[in-house]
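**Q** Before anything else, here's the structure in question.
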Amino acid sequence: MNTQINELLYHYNEEGYEGYDLSEVQLLKNIDSERVEKLKLLLHNDDQYIAYQAMLILLAWAIPEGFQQLDRFISEKWDEKESFESHRIHSEDNVYDVITDALYISTINGKSEQELYPYIKYFLSIYGNKFFESNLKDFLLKKNCTPLLKEIEQAIHDSLQNKRYYQASQLFPVLVHYDKSSFNKYADIFKSLIKEDDRIAYNIEEAEKSMQ
């Protein structure tokens, strides 16, 4: 990776802090228009990982070209051709969860959750087959996603069917957050699965707190 690309993707210098970190670049308050134009050009880089990282920044900054690139990423199934965010523990690609975080940051920069519903719906539709760590869960809890209740419940069903028990339980407190009557519907199912993954207990406790 050449120096100019490295600077575009990772360098931040704001409020007395300076360093190299893409996640910090996503959070910059002062967005440089010249840098935006250069990042748009990176979307066409021959290295798909570089193009993907440029997309993450433009998404977070709510730049239209970032969303156009995301549409291509999804329709062309880039994630099936290579791994973009290999998880340090689970050896699965966490790419859509990382993208969800970029979408969340975009709401700070003017995007409404309603504009993002189509993407969140899509992520929920693949939730049972793909790896998601926690960003999608956080988005669903922090933003008003009431219209996606049906999709959230279906994602739980899909995850249970594919034996992604902990991942299914991640959405249990989300479901209860929007529909308290669902607690009794699923509590015993998840309690019975604690033996498969004891982390499920934390999500049950979180769902219980949503009932209070």
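Ligands are numbered from 1 in the order shown, chains are lettered A, B, ... in the order of the structure tokens, and residues start at 1 in each chain.
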Among range 9-117 of chain A, which residues carry a DSSP assignment of helix (DSSP H, G or I), reported as a PyMOL selection string?

**A** chain A and resi 9-10+22-26+33-42+48-60+64-75+78-80+95-108+113-117

**Q** Write the selection just made, keeping C-alpha atoms, as a short mmCIF file (atom, residue, chain, number, x, y, z; two decimals), in the first residue's frame?

**A**
```cif
data_model
loop_
_atom_site.label_atom_id
_atom_site.label_comp_id
_atom_site.auth_asym_id
_atom_site.auth_seq_id
_atom_site.Cartn_x
_atom_site.Cartn_y
_atom_site.Cartn_z
CA LEU A 9 -7.49 5.59 4.81
CA TYR A 10 -5.86 5.82 8.20
CA LEU A 22 -9.50 3.85 10.08
CA SER A 23 -12.11 3.83 12.85
CA GLU A 24 -10.87 7.23 14.04
CA VAL A 25 -11.03 8.57 10.47
CA GLN A 26 -14.68 7.47 10.32
CA SER A 33 -13.87 17.67 0.65
CA GLU A 34 -10.57 17.01 -1.15
CA ARG A 35 -10.10 13.84 0.88
CA VAL A 36 -13.66 12.79 0.01
CA GLU A 37 -12.91 13.08 -3.71
CA LYS A 38 -9.73 11.04 -3.35
CA LEU A 39 -11.58 8.37 -1.36
CA LYS A 40 -14.21 8.18 -4.12
CA LEU A 41 -11.41 7.34 -6.56
CA LEU A 42 -10.21 4.59 -4.22
CA GLN A 48 -10.95 -4.83 -3.36
CA TYR A 49 -9.85 -4.55 0.26
CA ILE A 50 -8.68 -0.97 -0.34
CA ALA A 51 -11.96 -0.19 -2.15
CA TYR A 52 -13.87 -1.73 0.76
CA GLN A 53 -12.04 0.37 3.34
CA ALA A 54 -12.68 3.55 1.35
CA MET A 55 -16.35 2.53 1.32
CA LEU A 56 -16.39 2.20 5.13
CA ILE A 57 -15.18 5.77 5.52
CA LEU A 58 -17.56 7.23 2.93
CA LEU A 59 -20.47 5.32 4.49
CA ALA A 60 -19.65 6.72 7.92
CA PRO A 64 -23.72 8.90 -1.48
CA GLU A 65 -20.94 7.11 -3.35
CA GLY A 66 -20.27 5.03 -0.25
CA PHE A 67 -23.82 3.70 -0.35
CA GLN A 68 -23.61 3.06 -4.09
CA GLN A 69 -20.50 1.00 -3.41
CA LEU A 70 -22.30 -0.90 -0.66
CA ASP A 71 -25.07 -1.73 -3.13
CA ARG A 72 -22.40 -3.20 -5.44
CA PHE A 73 -20.71 -5.01 -2.55
CA ILE A 74 -24.01 -6.72 -1.73
CA SER A 75 -25.25 -7.42 -5.27
CA TRP A 78 -17.88 -9.53 -2.57
CA ASP A 79 -17.87 -11.35 0.75
CA GLU A 80 -18.08 -14.71 -1.05
CA VAL A 95 -17.74 -7.88 7.43
CA TYR A 96 -21.46 -7.08 7.53
CA ASP A 97 -21.28 -6.34 11.25
CA VAL A 98 -18.42 -3.90 10.62
CA ILE A 99 -20.43 -2.31 7.80
CA THR A 100 -23.34 -1.92 10.23
CA ASP A 101 -21.09 0.13 12.50
CA ALA A 102 -20.27 2.44 9.56
CA LEU A 103 -24.00 2.82 8.92
CA TYR A 104 -24.55 3.70 12.57
CA ILE A 105 -21.90 6.44 12.38
CA SER A 106 -23.63 7.78 9.25
CA THR A 107 -26.65 8.66 11.42
CA ILE A 108 -24.39 11.10 13.29
CA GLU A 113 -32.41 5.08 10.44
CA GLN A 114 -35.37 4.93 8.04
CA GLU A 115 -33.01 5.48 5.10
CA LEU A 116 -30.89 2.60 6.37
CA TYR A 117 -33.74 0.12 6.89
#
```

**Q** Write out as a PyMOL selection string which residues come within 10 Å of Ile126 in chain A when counting only C-alpha atoms, dropping same-chain ones fewer than 3 positions away.

**A** chain A and resi 96+121-123+129-132+155+158-159

**Q** So what do you get for CA of Gly110 in chain A versus CA of Ala62 in chain A, distance-wise?

**A** 6.9 Å

**Q** Run DSSP on the backbone and give me the residues of chain A it puts in strand (DSSP E), as number ranges by chain.

**A** A: 11-14, 17-20

**Q** Let's have the selection written as a PDB file, in the first residue's frame, with C-alpha atoms.

**A**
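Result file follows (out_8.pdb):
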```
ATOM      1  CA  HIS A  11      -4.439   9.237   9.067  1.00  0.00           C
ATOM      2  CA  TYR A  12      -6.379  11.443  11.458  1.00  0.00           C
ATOM      3  CA  ASN A  13      -5.382  14.719  13.071  1.00  0.00           C
ATOM      4  CA  GLU A  14      -8.058  16.417  15.107  1.00  0.00           C
ATOM      5  CA  TYR A  17      -4.860  13.833  18.600  1.00  0.00           C
ATOM      6  CA  GLU A  18      -2.997  12.349  15.674  1.00  0.00           C
ATOM      7  CA  GLY A  19      -2.455   8.789  14.504  1.00  0.00           C
ATOM      8  CA  TYR A  20      -3.347   6.081  12.039  1.00  0.00           C
TER       9      TYR A  20
END
```

**Q** Could you give me, as a ChimeraX atom specification, the residues within 10 Å of Ala187 in chain A, counting only C-alpha atoms and dropping anything in the same chain fewer than 2 positions from it?

**A** /A:169,172,182-185,189-192,204,207-208

**Q** Please identify all polymer residues within 12 Å of Leu141 in chain A, counting only C-alpha atoms, omitting same-chain residues fewer than 4 positions from it, and present them as a ChimeraX atom specification.

**A** /A:104,113,134-137,145-146,148-149,152,170-178,206-207,210

**Q** By how many Å are CA of Glu196 in chain A and CA of Gln212 in chain A apart?

**A**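 About the pair CA of Glu196 in chain A and CA of Gln212 in chain A: they are 27.2 Å apart.
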
**Q** Which one is closest to Trp61 in chain A: A:Glu82, A:Glu133, A:Glu15, A:Asp32? Count only C-alpha atoms.

**A** A:Asp32

**Q** Would you please work out which residue, of A:Lys180, A:Lys195, A:His90, A:Glu151, is nearest to Pro118 in chain A when using only C-alpha atoms?

**A**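 Among the listed residues, the smallest separation from Pro118 in chain A belongs to A:Glu151.
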